[in-house]
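Content type mmCIF, C-alpha atoms, from the file query-v1.cif:
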```cif
data_run
#
loop_
_atom_site.label_atom_id
_atom_site.label_comp_id
_atom_site.auth_asym_id
_atom_site.auth_seq_id
_atom_site.Cartn_x
_atom_site.Cartn_y
_atom_site.Cartn_z
CA MET J 1 34.10 4.77 44.06
CA SER J 2 37.35 2.92 43.38
CA THR J 3 39.93 4.00 40.84
CA PRO J 4 38.88 3.74 37.21
CA PHE J 5 39.40 0.29 35.83
CA VAL J 6 42.25 -0.30 33.40
CA SER J 7 42.83 -3.58 31.58
CA ARG J 8 46.46 -4.42 32.23
CA GLY J 9 48.43 -4.47 29.02
CA PHE J 10 45.56 -3.57 26.71
CA GLN J 11 46.48 -1.23 23.87
CA GLY J 12 43.40 -1.29 21.72
CA ARG J 13 42.96 -0.19 18.17
CA ARG J 14 41.65 3.30 17.78
CA GLN J 15 39.68 4.48 14.79
CA ARG J 16 40.55 7.54 12.76
CA SER J 17 38.96 10.33 14.75
CA GLU J 18 36.33 11.08 12.11
CA ALA J 19 34.99 7.55 12.23
CA ALA J 20 35.36 7.39 16.00
CA GLN J 21 33.01 10.33 16.48
CA ARG J 22 30.34 8.51 14.55
CA LEU J 23 30.49 5.44 16.77
CA PRO J 24 28.07 5.31 19.70
CA PRO J 25 29.44 4.14 23.07
CA GLY J 26 30.68 0.54 23.12
CA GLN J 27 30.52 0.07 19.36
CA TYR J 28 33.28 -0.95 16.97
CA LEU J 29 33.53 -0.48 13.25
CA VAL J 30 33.11 -3.27 10.70
CA SER J 31 33.57 -3.18 6.97
CA GLY J 32 31.55 -6.28 6.20
CA PHE J 33 27.86 -6.66 6.88
CA PRO J 34 27.28 -9.20 9.65
CA VAL J 35 24.18 -11.35 9.66
CA LEU J 36 22.44 -12.20 12.90
CA SER J 37 19.09 -13.81 13.42
CA ALA J 38 17.12 -15.83 15.92
CA GLY J 39 16.08 -18.58 13.57
CA PRO J 40 15.98 -19.76 9.96
CA THR J 41 15.71 -17.17 7.18
CA PRO J 42 12.12 -16.92 5.98
CA ARG J 43 11.66 -17.01 2.24
CA THR J 44 8.58 -15.31 0.88
CA SER J 45 7.98 -15.10 -2.82
CA LEU J 46 7.11 -11.70 -4.24
CA ASP J 47 3.76 -12.87 -5.56
CA ARG J 48 2.74 -13.83 -2.03
CA TRP J 49 4.29 -10.78 -0.34
CA ASP J 50 2.17 -7.93 0.89
CA PHE J 51 2.56 -5.09 3.35
CA THR J 52 -0.31 -4.11 5.60
CA ILE J 53 -1.09 -1.45 8.16
CA VAL J 54 -3.55 -2.74 10.71
CA GLY J 55 -4.72 -2.05 14.24
CA GLU J 56 -6.05 1.29 15.43
CA ILE J 57 -6.91 2.39 11.92
CA ASP J 58 -10.22 3.22 10.23
CA GLU J 59 -9.49 1.00 7.28
CA PRO J 60 -6.48 -1.32 7.04
CA ARG J 61 -4.10 -0.55 4.23
CA ARG J 62 -2.56 -3.18 2.03
CA TRP J 63 -0.06 -3.14 -0.83
CA THR J 64 1.07 -6.00 -3.03
CA TRP J 65 4.70 -6.03 -4.10
CA GLN J 66 3.82 -4.41 -7.43
CA GLU J 67 1.78 -1.71 -5.70
CA PHE J 68 4.55 -1.14 -3.18
CA GLN J 69 7.08 -0.65 -5.97
CA GLN J 70 4.89 2.13 -7.41
CA LEU J 71 5.08 4.17 -4.21
CA PRO J 72 7.48 7.13 -4.05
CA ARG J 73 10.88 5.75 -3.13
CA GLU J 74 13.85 7.34 -1.42
CA THR J 75 17.51 6.43 -1.28
CA VAL J 76 19.21 7.23 2.00
CA THR J 77 22.70 6.73 3.37
CA LYS J 78 22.86 5.99 7.07
CA ASP J 79 25.09 4.61 9.79
CA ILE J 80 23.72 1.47 11.45
CA HIS J 81 24.45 0.13 14.92
CA CYS J 82 23.82 -3.41 16.13
CA VAL J 83 23.31 -4.18 19.80
CA THR J 84 25.97 -6.88 19.44
CA LYS J 85 28.32 -3.90 19.15
CA TRP J 86 29.22 -3.68 15.51
CA SER J 87 28.55 -0.49 13.58
CA LYS J 88 28.66 0.06 9.85
CA LEU J 89 28.91 3.53 8.41
CA ASP J 90 27.44 4.96 5.23
CA THR J 91 25.08 2.16 4.33
CA THR J 92 22.79 2.93 1.41
CA TRP J 93 19.18 1.85 1.28
CA THR J 94 16.24 2.40 -1.04
CA GLY J 95 12.68 2.09 0.08
CA VAL J 96 9.46 3.82 1.03
CA SER J 97 9.34 6.24 3.92
CA LEU J 98 6.90 5.44 6.69
CA ASP J 99 5.71 9.03 6.35
CA THR J 100 4.56 8.11 2.83
CA LEU J 101 2.84 4.93 4.02
CA LEU J 102 1.04 6.76 6.82
CA GLN J 103 -0.12 9.61 4.62
CA GLY J 104 -3.86 9.99 4.90
CA VAL J 105 -4.05 7.53 7.76
CA ASN J 106 -5.76 8.84 10.85
CA ILE J 107 -3.06 8.32 13.45
CA SER J 108 -4.52 10.58 16.12
CA ALA J 109 -5.02 7.61 18.43
CA THR J 110 -1.68 6.01 17.61
CA LYS J 111 1.23 6.31 19.98
CA TYR J 112 3.10 3.10 19.15
CA VAL J 113 3.61 0.69 16.32
CA LEU J 114 4.44 -2.99 16.36
CA ALA J 115 6.29 -4.09 13.25
CA PHE J 116 5.59 -7.71 12.39
CA SER J 117 7.55 -9.99 10.11
CA ASP J 118 7.60 -13.41 8.52
CA GLY J 119 8.97 -15.92 11.00
CA ASP J 120 6.95 -14.33 13.84
CA TYR J 121 9.45 -11.58 14.61
CA THR J 122 8.08 -8.37 16.07
CA THR J 123 9.51 -5.15 17.42
CA ASN J 124 7.79 -2.18 19.03
CA LEU J 125 8.50 1.48 18.42
CA ALA J 126 7.05 4.80 19.46
CA LEU J 127 5.27 6.55 16.59
CA ALA J 128 7.62 9.45 17.12
CA ASP J 129 10.53 7.15 16.34
CA VAL J 130 9.19 6.15 12.93
CA THR J 131 7.81 9.45 11.61
CA GLY J 132 9.39 12.67 10.47
CA GLY J 133 11.92 11.11 8.12
CA LYS J 134 13.26 8.49 10.53
CA ALA J 135 12.03 5.18 9.12
CA TRP J 136 11.62 3.34 5.84
CA ILE J 137 10.52 0.01 4.45
CA ALA J 138 13.69 -0.78 2.53
CA TYR J 139 13.89 -3.25 -0.34
CA GLU J 140 17.28 -2.39 -1.74
CA TYR J 141 20.67 -2.32 -0.06
CA ALA J 142 23.78 -0.97 -1.80
CA ASP J 143 21.82 -0.58 -5.03
CA ALA J 144 20.77 -4.21 -5.25
CA PRO J 145 17.64 -6.07 -4.13
CA LEU J 146 17.82 -6.78 -0.43
CA ALA J 147 19.13 -10.32 0.12
CA PRO J 148 17.03 -12.70 2.26
CA GLU J 149 19.80 -12.98 4.85
CA HIS J 150 19.66 -9.25 5.36
CA GLY J 151 15.89 -9.16 5.53
CA GLY J 152 14.73 -9.31 1.94
CA PRO J 153 12.25 -8.89 0.25
CA ALA J 154 11.92 -5.86 2.55
CA ARG J 155 12.87 -4.82 6.05
CA LEU J 156 12.04 -1.96 8.33
CA LEU J 157 14.89 0.54 8.55
CA VAL J 158 15.12 2.73 11.66
CA PRO J 159 18.79 3.66 11.78
CA HIS J 160 18.71 5.95 14.81
CA LEU J 161 17.93 2.96 17.05
CA TYR J 162 19.79 -0.34 17.51
CA PHE J 163 19.38 -2.44 14.44
CA TRP J 164 17.15 -5.10 16.03
CA LYS J 165 14.43 -2.48 15.66
CA SER J 166 14.96 -2.56 11.87
CA ALA J 167 12.83 -5.67 11.57
CA LYS J 168 13.90 -8.02 8.80
CA TRP J 169 11.28 -9.69 6.60
CA VAL J 170 8.76 -7.06 7.64
CA ARG J 171 5.20 -7.55 6.47
CA GLY J 172 3.34 -4.78 8.23
CA LEU J 173 2.74 -2.39 11.07
CA GLN J 174 0.16 -2.62 13.79
CA LEU J 175 -0.88 0.81 15.05
CA MET J 176 -1.46 0.86 18.80
CA ALA J 177 -2.54 3.26 21.50
CA GLU J 178 -0.53 1.35 24.13
CA ASP J 179 3.01 0.05 23.98
CA GLU J 180 3.62 -3.68 23.74
CA PRO J 181 7.10 -5.22 23.81
CA GLY J 182 8.17 -7.13 20.73
CA PHE J 183 10.38 -10.20 20.40
CA TRP J 184 13.74 -9.05 21.77
CA GLU J 185 12.09 -6.49 24.03
CA SER J 186 10.34 -9.39 25.76
CA LEU J 187 13.63 -11.26 26.08
CA GLY J 188 15.66 -8.77 28.07
CA TYR J 189 16.53 -6.12 25.53
CA HIS J 190 15.77 -2.45 26.06
CA ASN J 191 12.33 -1.20 25.14
CA ARG J 192 13.63 1.72 23.08
CA GLY J 193 17.23 0.93 22.10
CA ASP J 194 18.93 4.30 21.59
CA PRO J 195 22.58 3.52 20.80
CA TRP J 196 23.74 6.99 21.89
CA LYS J 197 22.40 6.28 25.37
CA GLU J 198 23.68 2.70 25.15
CA GLN J 199 20.21 1.33 25.81
CA ARG J 200 21.05 -2.29 25.04
CA TYR J 201 19.33 -4.28 27.78
CA ALA J 202 16.28 -3.76 29.95
CA GLY J 203 17.19 -1.44 32.79
CA ASP J 204 20.01 0.32 30.93
CA MET P 1 7.18 1.65 40.16
CA ALA P 2 7.15 -2.13 40.16
CA GLY P 3 8.77 -4.16 37.44
CA ILE P 4 11.63 -1.88 36.37
CA PRO P 5 14.46 -4.29 35.79
CA ALA P 6 17.72 -3.64 37.60
CA ARG P 7 20.46 -2.50 35.29
CA LEU P 8 22.87 -5.24 34.33
CA ALA P 9 25.96 -3.89 36.03
CA TRP P 10 29.55 -4.20 34.89
CA ARG P 11 31.44 -6.38 37.31
CA ARG P 12 35.16 -6.92 37.82
CA ALA P 13 35.75 -10.60 37.30
CA VAL P 14 39.03 -12.22 38.27
CA VAL P 15 40.71 -14.66 35.93
CA LEU P 16 41.21 -17.91 37.81
CA ARG P 17 42.49 -20.18 35.08
CA HIS P 18 43.64 -20.23 31.52
CA ILE P 19 42.96 -23.46 29.61
CA GLN P 20 44.47 -24.01 26.19
CA GLU P 21 41.73 -25.98 24.43
CA THR P 22 43.29 -26.04 20.95
CA PRO P 23 46.16 -24.09 19.36
CA ARG P 24 43.93 -21.07 18.78
CA VAL P 25 41.23 -21.48 21.39
CA THR P 26 41.51 -20.65 25.08
CA SER P 27 39.02 -21.04 27.89
CA LEU P 28 39.09 -18.51 30.69
CA VAL P 29 37.64 -19.50 34.03
CA LEU P 30 36.46 -16.34 35.75
CA ASP P 31 35.24 -15.62 39.22
CA VAL P 32 32.47 -13.05 38.90
CA PRO P 33 31.55 -11.37 42.19
CA GLY P 34 27.82 -11.02 42.56
CA TRP P 35 27.09 -13.50 39.80
CA VAL P 36 23.45 -14.55 40.00
CA GLY P 37 23.59 -17.44 37.58
CA HIS P 38 22.80 -18.01 33.94
CA ARG P 39 21.05 -20.31 31.50
CA ALA P 40 22.96 -22.52 29.14
CA GLY P 41 23.33 -20.66 25.86
CA GLN P 42 23.64 -17.17 27.29
CA HIS P 43 26.65 -14.97 26.86
CA LEU P 44 28.73 -12.39 28.64
CA ASP P 45 29.66 -8.90 27.49
CA VAL P 46 33.32 -8.11 28.07
CA ARG P 47 34.82 -4.61 28.21
CA LEU P 48 38.46 -3.65 27.92
CA THR P 49 39.81 -0.24 28.92
CA ALA P 50 43.19 1.15 27.87
CA GLU P 51 45.17 3.57 30.02
CA ASP P 52 43.96 6.59 28.09
CA GLY P 53 40.35 5.59 28.69
CA TYR P 54 39.72 4.04 25.28
CA GLN P 55 37.20 1.23 25.66
CA THR P 56 35.88 -1.55 23.52
CA GLU P 57 33.33 -4.27 24.13
CA ARG P 58 32.64 -7.74 22.77
CA SER P 59 30.40 -10.70 23.61
CA TYR P 60 31.44 -14.27 24.36
CA SER P 61 29.26 -17.28 25.03
CA ILE P 62 29.39 -18.85 28.46
CA ALA P 63 30.71 -22.39 28.03
CA SER P 64 30.19 -23.55 31.61
CA ALA P 65 26.98 -25.04 32.90
CA PRO P 66 24.93 -23.05 35.38
CA ALA P 67 26.25 -23.87 38.81
CA ARG P 68 25.87 -22.69 42.38
CA ASP P 69 29.19 -20.87 42.53
CA THR P 70 30.34 -17.62 40.93
CA ARG P 71 32.65 -19.21 38.38
CA VAL P 72 31.93 -18.67 34.71
CA THR P 73 33.95 -20.03 31.82
CA LEU P 74 34.33 -18.28 28.48
CA THR P 75 35.85 -19.96 25.46
CA VAL P 76 37.61 -17.55 23.12
CA GLU P 77 38.95 -18.16 19.64
CA ARG P 78 42.00 -16.06 18.91
CA LEU P 79 41.50 -14.11 15.70
CA ASP P 80 44.80 -13.02 14.18
CA ASP P 81 43.48 -9.59 13.30
CA GLY P 82 41.19 -9.30 16.28
CA GLU P 83 41.33 -6.35 18.62
CA VAL P 84 40.04 -8.14 21.70
CA SER P 85 40.53 -11.90 21.33
CA PRO P 86 44.36 -11.81 21.22
CA TYR P 87 44.30 -9.80 24.44
CA LEU P 88 42.11 -12.39 26.12
CA THR P 89 44.07 -15.37 24.90
CA ASP P 90 47.65 -14.02 25.01
CA VAL P 91 47.83 -11.25 27.59
CA LEU P 92 45.28 -11.98 30.31
CA ARG P 93 46.54 -14.31 32.99
CA ALA P 94 45.37 -15.71 36.31
CA GLY P 95 44.93 -12.90 38.79
CA ASP P 96 44.05 -10.25 36.21
CA GLU P 97 40.69 -8.56 36.29
CA LEU P 98 38.22 -8.38 33.41
CA GLU P 99 35.09 -6.27 33.30
CA VAL P 100 32.05 -8.35 32.39
CA ARG P 101 28.32 -7.90 32.20
CA GLY P 102 25.62 -10.51 32.00
CA PRO P 103 24.17 -12.95 31.51
CA ILE P 104 22.75 -11.75 28.22
CA GLY P 105 20.34 -13.53 25.93
CA GLY P 106 16.83 -14.81 26.38
CA TRP P 107 16.29 -16.80 23.22
CA PHE P 108 19.19 -19.11 22.42
CA THR P 109 18.95 -20.93 25.73
CA TRP P 110 17.98 -24.38 26.95
CA ARG P 111 17.02 -25.73 30.32
CA PRO P 112 16.62 -29.48 30.86
CA GLU P 113 12.98 -29.05 31.85
CA GLU P 114 12.26 -27.83 28.33
CA GLY P 115 12.90 -31.37 27.15
CA GLY P 116 13.93 -32.43 23.68
CA PRO P 117 15.22 -34.39 22.01
CA LEU P 118 18.00 -31.96 21.14
CA VAL P 119 19.80 -31.52 17.85
CA LEU P 120 22.89 -29.40 18.37
CA VAL P 121 24.85 -28.25 15.33
CA ALA P 122 28.12 -26.40 15.82
CA GLY P 123 30.77 -24.90 13.60
CA GLY P 124 34.14 -24.06 15.12
CA SER P 125 33.91 -21.95 18.26
CA GLY P 126 30.12 -22.04 17.92
CA ILE P 127 30.36 -25.13 20.10
CA ALA P 128 30.74 -22.93 23.20
CA PRO P 129 27.08 -22.20 24.06
CA LEU P 130 26.10 -25.74 23.06
CA MET P 131 28.78 -27.08 25.41
CA ALA P 132 27.09 -25.22 28.26
CA MET P 133 23.90 -27.08 27.35
CA ILE P 134 25.68 -30.44 27.18
CA ARG P 135 27.46 -29.78 30.46
CA GLN P 136 24.27 -28.77 32.19
CA ARG P 137 22.48 -31.81 30.91
CA ALA P 138 25.24 -33.97 32.38
CA ALA P 139 25.32 -32.09 35.69
CA VAL P 140 21.65 -32.74 36.35
CA ARG P 141 21.72 -36.19 34.71
CA SER P 142 18.97 -35.17 32.33
CA PRO P 143 17.65 -38.04 30.22
CA VAL P 144 16.95 -35.79 27.26
CA PRO P 145 18.54 -37.43 24.19
CA VAL P 146 21.04 -35.25 22.37
CA CYS P 147 22.82 -35.52 19.09
CA LEU P 148 25.63 -33.12 18.38
CA LEU P 149 26.94 -32.57 14.87
CA TYR P 150 30.18 -30.64 15.14
CA SER P 151 32.10 -29.22 12.19
CA SER P 152 35.77 -28.27 12.56
CA ARG P 153 38.52 -27.63 10.08
CA ALA P 154 40.92 -30.22 11.47
CA TYR P 155 41.24 -32.79 14.27
CA GLU P 156 43.46 -30.56 16.40
CA GLU P 157 40.83 -27.84 16.22
CA ILE P 158 38.00 -29.86 17.75
CA ILE P 159 37.33 -27.92 20.94
CA TYR P 160 36.50 -30.05 24.03
CA ARG P 161 37.14 -33.20 22.02
CA GLU P 162 38.33 -35.35 24.90
CA GLU P 163 35.46 -34.25 27.12
CA LEU P 164 32.93 -34.86 24.37
CA ASP P 165 34.33 -38.31 23.60
CA ARG P 166 34.35 -39.26 27.28
CA SER P 167 30.82 -37.99 27.82
CA ALA P 168 29.48 -39.75 24.75
CA ALA P 169 31.16 -43.01 25.74
CA ALA P 170 29.57 -42.85 29.17
CA ASP P 171 26.09 -41.80 28.08
CA GLY P 172 24.12 -43.74 25.50
CA ASP P 173 21.76 -40.81 24.99
CA LEU P 174 24.50 -38.38 23.93
CA MET P 175 25.60 -38.90 20.36
CA VAL P 176 28.48 -36.92 18.91
CA ALA P 177 29.38 -36.83 15.22
CA TYR P 178 32.34 -34.83 13.96
CA THR P 179 33.04 -33.61 10.48
CA LEU P 180 36.46 -32.30 9.50
CA THR P 181 36.28 -30.02 6.52
CA ARG P 182 39.87 -29.12 5.63
CA SER P 183 42.13 -31.93 6.74
CA GLN P 184 41.67 -35.32 8.32
CA PRO P 185 44.16 -37.46 10.25
CA PRO P 186 45.20 -40.85 8.85
CA GLY P 187 42.56 -43.44 9.52
CA TRP P 188 39.82 -40.88 10.10
CA ARG P 189 36.46 -42.59 9.82
CA GLY P 190 34.23 -39.59 10.49
CA TYR P 191 32.73 -37.18 7.99
CA ARG P 192 35.05 -35.10 5.89
CA ARG P 193 32.91 -32.38 4.31
CA HIS P 194 30.77 -29.37 5.16
CA ILE P 195 27.50 -30.19 6.83
CA ASP P 196 24.89 -30.88 4.20
CA ARG P 197 21.41 -32.29 3.91
CA ALA P 198 22.52 -35.91 3.72
CA MET P 199 24.62 -35.55 6.88
CA LEU P 200 21.81 -33.94 8.83
CA ASP P 201 19.44 -36.58 7.60
CA ALA P 202 21.79 -39.32 8.79
CA VAL P 203 22.78 -37.84 12.15
CA ALA P 204 19.95 -35.76 13.53
CA TRP P 205 16.75 -36.78 15.22
CA ALA P 206 14.01 -37.01 12.61
CA PRO P 207 11.60 -34.10 12.24
CA GLU P 208 8.77 -36.33 13.48
CA GLU P 209 10.51 -36.39 16.88
CA ARG P 210 10.03 -32.60 16.96
CA PRO P 211 13.48 -31.90 18.37
CA LEU P 212 14.68 -28.56 19.63
CA VAL P 213 17.42 -27.57 17.21
CA PHE P 214 20.23 -25.19 18.15
CA VAL P 215 22.67 -24.10 15.44
CA CYS P 216 25.72 -22.00 16.25
CA GLY P 217 28.74 -21.07 14.21
CA PRO P 218 29.89 -18.91 11.32
CA THR P 219 27.10 -17.40 9.26
CA PRO P 220 27.50 -19.54 6.12
CA LEU P 221 27.17 -22.72 8.19
CA VAL P 222 24.23 -21.42 10.19
CA GLU P 223 22.42 -20.17 7.12
CA SER P 224 22.90 -23.43 5.26
CA VAL P 225 21.99 -25.68 8.18
CA ALA P 226 18.96 -23.67 9.30
CA THR P 227 17.61 -23.54 5.76
CA THR P 228 18.19 -27.26 5.32
CA CYS P 229 16.42 -28.00 8.60
CA VAL P 230 13.35 -26.18 7.37
CA GLU P 231 13.53 -28.01 4.05
CA LEU P 232 13.79 -31.34 5.89
CA GLY P 233 10.59 -30.53 7.74
CA TYR P 234 11.78 -29.30 11.14
CA ALA P 235 9.40 -26.76 12.64
CA PRO P 236 11.06 -23.35 12.05
CA GLU P 237 10.00 -22.12 15.45
CA ARG P 238 11.97 -24.97 17.01
CA VAL P 239 15.17 -24.08 15.17
CA LYS P 240 17.21 -21.48 17.02
CA THR P 241 20.31 -19.91 15.58
CA GLU P 242 23.27 -17.97 16.85
CA ARG P 243 25.91 -16.66 14.50
CA PHE P 244 29.57 -16.32 15.31
CA GLY P 245 32.55 -15.00 13.56
CA PRO P 246 35.04 -12.20 13.75
CA THR P 247 32.24 -9.70 13.65
CA GLY P 248 29.26 -11.83 14.56
CA GLY P 249 29.04 -13.56 11.22
CA GLU P 250 29.52 -11.87 7.90
CA THR P 251 28.23 -12.48 4.45
#
```
Structure encoded using structure tokens:
Amino acid sequence: MSTPFVSRGFQGRRQRSEAAQRLPPGQYLVSGFPVLSAGPTPRTSLDRWDFTIVGEIDEPRRWTWQEFQQLPRETVTKDIHCVTKWSKLDTTWTGVSLDTLLQGVNISATKYVLAFSDGDYTTNLALADVTGGKAWIAYEYADAPLAPEHGGPARLLVPHLYFWKSAKWVRGLQLMAEDEPGFWESLGYHNRGDPWKEQRYAGD
Amino acid sequence: MAGIPARLAWRRAVVLRHIQETPRVTSLVLDVPGWVGHRAGQHLDVRLTAEDGYQTERSYSIASAPARDTRVTLTVERLDDGEVSPYLTDVLRAGDELEVRGPIGGWFTWRPEEGGPLVLVAGGSGIAPLMAMIRQRAAVRSPVPVCLLYSSRAYEEIIYREELDRSAAADGDLMVAYTLTRSQPPGWRGYRRHIDRAMLDAVAWAPEERPLVFVCGPTPLVESVATTCVELGYAPERVKTERFGPTGGET
């Protein structure tokens, strides 16, 4: 092909090498915590909130907010990567692991999950991407209750994939045998969204 | 296997023109070889590469209406501490090449056949994707009624002001209301505060008209306006938001 492209006169701003190694391709570091959404922020009161697991399951599971708070919780520190190219390192979250929520559930027929949220948002994930210590339902960020703008009362947290997969305002999981694209996946974004393979858009 | 989408390829666009819209905002008219068109509201990914191979990417809304040619206009606000925007506004000039990819975005878009009426709410450079909608509406002479509520810090910072004023004067179905939040020129008769419930109530199509609402700008504005729209009774599924800012909109 032709010679590699160079932007005339562009210097750029390089990160310290330690941070740079933690950035997937095409990402840049931010210190704040940007908010992006497709529509208005849903607001669900805690006495109305519940979390359910439905779909290919013998008996649907349901937890009220109080019941959810009684579940074993974990605090994790993770790097997060948004498809709009910002990355934030060392973010701290507290919540319930999906491994805990799926304990005792017969998932032999499950290959995929569809996370669904208030405001009609959905996102699809392979079961393998949300089990084995890879996903949580998080209700605290930086040691404080998760703000509505960032997905509170609770959001899905799947930090190894682009952050649109970490569905804000999550209310449950639908267990599925077949894959089904969620909101952004139906609008041109990649079905899986691995930032290390730069899987931003369909076809990448 | 049928249905595998083609990868959105990086293309080498050529800068055709540099338009100084306001002291800090520049529009770049690009010629994008192989451009297949876009919808109003979509954006472009831009990639810069330094001589040592260092690369960085950003996204910018397309401000031009869909057209039959391969020209695409981006409107860029120069951020003093930005890594990319000062390069685009100060260094790039006509004849330079810029790697772009797109169009991106399947949600915050509008086509005239989707109807309306439209309520467009913009803060600062958030006007860019809404301008593509307004320009497209004009290009096809769509009768869809539009009201635009546009918040800027000062008169000199109203992007596309002359074009908006001209278009509104010529089209009774395009209503434009400005609000200037930090300073106002002598004799200013428009709003002079941040967009609030009373302003939306006065300017926007009523919820009973079931408008399509598009809100774009810095996160605090978008959050406040979108929440107020829901409180005023607009259907949440008809309120679409896009957040701008140095890093996409920070809290």
Fill in: Distance query Glu59 in chain J at most 10 Å, all atoms listed in the file, self and fewer than 6 positions along chain excluded, as a PyMOL selection string
chain J and resi 53+105-106
Quick one: which chain J residues come within 9 Å of chain P, and what is the nearest atom pair for each with the distance in Å to one decimal, counting all atoms listed in the file, rows ordered by chain and ascending number, as JSON lines?
```
{"residue": "J:Pro4", "atom": "CA", "partner": "P:Gly53", "partner_atom": "CA", "distance": 8.8}
{"residue": "J:Phe5", "atom": "CA", "partner": "P:Thr49", "partner_atom": "CA", "distance": 6.9}
{"residue": "J:Val6", "atom": "CA", "partner": "P:Thr49", "partner_atom": "CA", "distance": 5.1}
{"residue": "J:Ser7", "atom": "CA", "partner": "P:Thr49", "partner_atom": "CA", "distance": 5.2}
{"residue": "J:Arg8", "atom": "CA", "partner": "P:Asp96", "partner_atom": "CA", "distance": 7.5}
{"residue": "J:Gly9", "atom": "CA", "partner": "P:Val91", "partner_atom": "CA", "distance": 7.0}
{"residue": "J:Phe10", "atom": "CA", "partner": "P:Ala50", "partner_atom": "CA", "distance": 5.4}
{"residue": "J:Gln11", "atom": "CA", "partner": "P:Ala50", "partner_atom": "CA", "distance": 5.7}
{"residue": "J:Gly12", "atom": "CA", "partner": "P:Glu83", "partner_atom": "CA", "distance": 6.3}
{"residue": "J:Arg13", "atom": "CA", "partner": "P:Glu83", "partner_atom": "CA", "distance": 6.4}
{"residue": "J:Arg14", "atom": "CA", "partner": "P:Tyr54", "partner_atom": "CA", "distance": 7.8}
{"residue": "J:Pro25", "atom": "CA", "partner": "P:Thr56", "partner_atom": "CA", "distance": 8.6}
{"residue": "J:Gly26", "atom": "CA", "partner": "P:Glu57", "partner_atom": "CA", "distance": 5.6}
{"residue": "J:Gln27", "atom": "CA", "partner": "P:Thr56", "partner_atom": "CA", "distance": 7.0}
{"residue": "J:Tyr28", "atom": "CA", "partner": "P:Thr56", "partner_atom": "CA", "distance": 7.1}
{"residue": "J:Val30", "atom": "CA", "partner": "P:Thr247", "partner_atom": "CA", "distance": 7.1}
{"residue": "J:Gly32", "atom": "CA", "partner": "P:Glu250", "partner_atom": "CA", "distance": 6.2}
{"residue": "J:Phe33", "atom": "CA", "partner": "P:Glu250", "partner_atom": "CA", "distance": 5.6}
{"residue": "J:Pro34", "atom": "CA", "partner": "P:Glu250", "partner_atom": "CA", "distance": 3.9}
{"residue": "J:Val35", "atom": "CA", "partner": "P:Gly249", "partner_atom": "CA", "distance": 5.6}
{"residue": "J:Leu36", "atom": "CA", "partner": "P:Arg243", "partner_atom": "CA", "distance": 5.9}
{"residue": "J:Ser37", "atom": "CA", "partner": "P:Thr241", "partner_atom": "CA", "distance": 6.6}
{"residue": "J:Ala38", "atom": "CA", "partner": "P:Thr241", "partner_atom": "CA", "distance": 5.2}
{"residue": "J:Gly39", "atom": "CA", "partner": "P:Lys240", "partner_atom": "CA", "distance": 4.6}
{"residue": "J:Pro40", "atom": "CA", "partner": "P:Ala226", "partner_atom": "CA", "distance": 5.0}
{"residue": "J:Thr41", "atom": "CA", "partner": "P:Thr227", "partner_atom": "CA", "distance": 6.8}
{"residue": "J:Pro42", "atom": "CA", "partner": "P:Thr227", "partner_atom": "CA", "distance": 8.6}
{"residue": "J:Thr84", "atom": "CA", "partner": "P:Ser59", "partner_atom": "CA", "distance": 7.2}
{"residue": "J:Lys85", "atom": "CA", "partner": "P:Arg58", "partner_atom": "CA", "distance": 6.8}
{"residue": "J:Trp86", "atom": "CA", "partner": "P:Thr247", "partner_atom": "CA", "distance": 7.0}
{"residue": "J:Gly119", "atom": "CA", "partner": "P:Glu237", "partner_atom": "CA", "distance": 7.7}
{"residue": "J:Asp120", "atom": "CA", "partner": "P:Glu237", "partner_atom": "CA", "distance": 8.5}
{"residue": "J:Glu149", "atom": "CA", "partner": "P:Glu223", "partner_atom": "CA", "distance": 8.0}
{"residue": "J:Trp184", "atom": "CA", "partner": "P:Gly106", "partner_atom": "CA", "distance": 8.0}
{"residue": "J:Ser186", "atom": "CA", "partner": "P:Gly106", "partner_atom": "CA", "distance": 8.5}
{"residue": "J:Leu187", "atom": "CA", "partner": "P:Gly106", "partner_atom": "CA", "distance": 4.8}
{"residue": "J:Gly188", "atom": "CA", "partner": "P:Gly106", "partner_atom": "CA", "distance": 6.4}
{"residue": "J:Tyr189", "atom": "CA", "partner": "P:Gly105", "partner_atom": "CA", "distance": 8.3}
{"residue": "J:Tyr201", "atom": "CA", "partner": "P:Leu8", "partner_atom": "CA", "distance": 7.5}
{"residue": "J:Ala202", "atom": "CA", "partner": "P:Pro5", "partner_atom": "CA", "distance": 6.1}
{"residue": "J:Gly203", "atom": "CA", "partner": "P:Arg7", "partner_atom": "CA", "distance": 4.3}
{"residue": "J:Asp204", "atom": "CA", "partner": "P:Arg7", "partner_atom": "CA", "distance": 5.2}
```
Item to complete: Excluding Pro103 in chain P and residues on its chain fewer than 2 positions from it, collect all residues at most 10 Å away from it, counting only C-alpha atoms, and give them as a list in words.
Response: Leu8, Trp35, Val36, Gly37, His38, Arg39, Ala40, Gly41, Gln42, His43, Leu44, Asp45, Ser61, Ile62, Val100, Arg101, Gly105 and Gly106 of chain P
Fill in: Test item: the PyMOL selection byres ((chain J and resi 121) around 9) resolved as a list in words
Ala38, Ala115, Phe116, Ser117, Asp118, Gly119, Asp120, Thr122, Thr123, Ala167, Lys168, Trp169, Val170, Gly182, Phe183 and Trp184 of chain J
Discussion item. Evaluate the PyMOL selection byres ((chain J and resi 191) around 8) against this structure - the residues, as a ChimeraX atom specification, please.
Written reply: /J:124,181,185,189-190,192-193,202
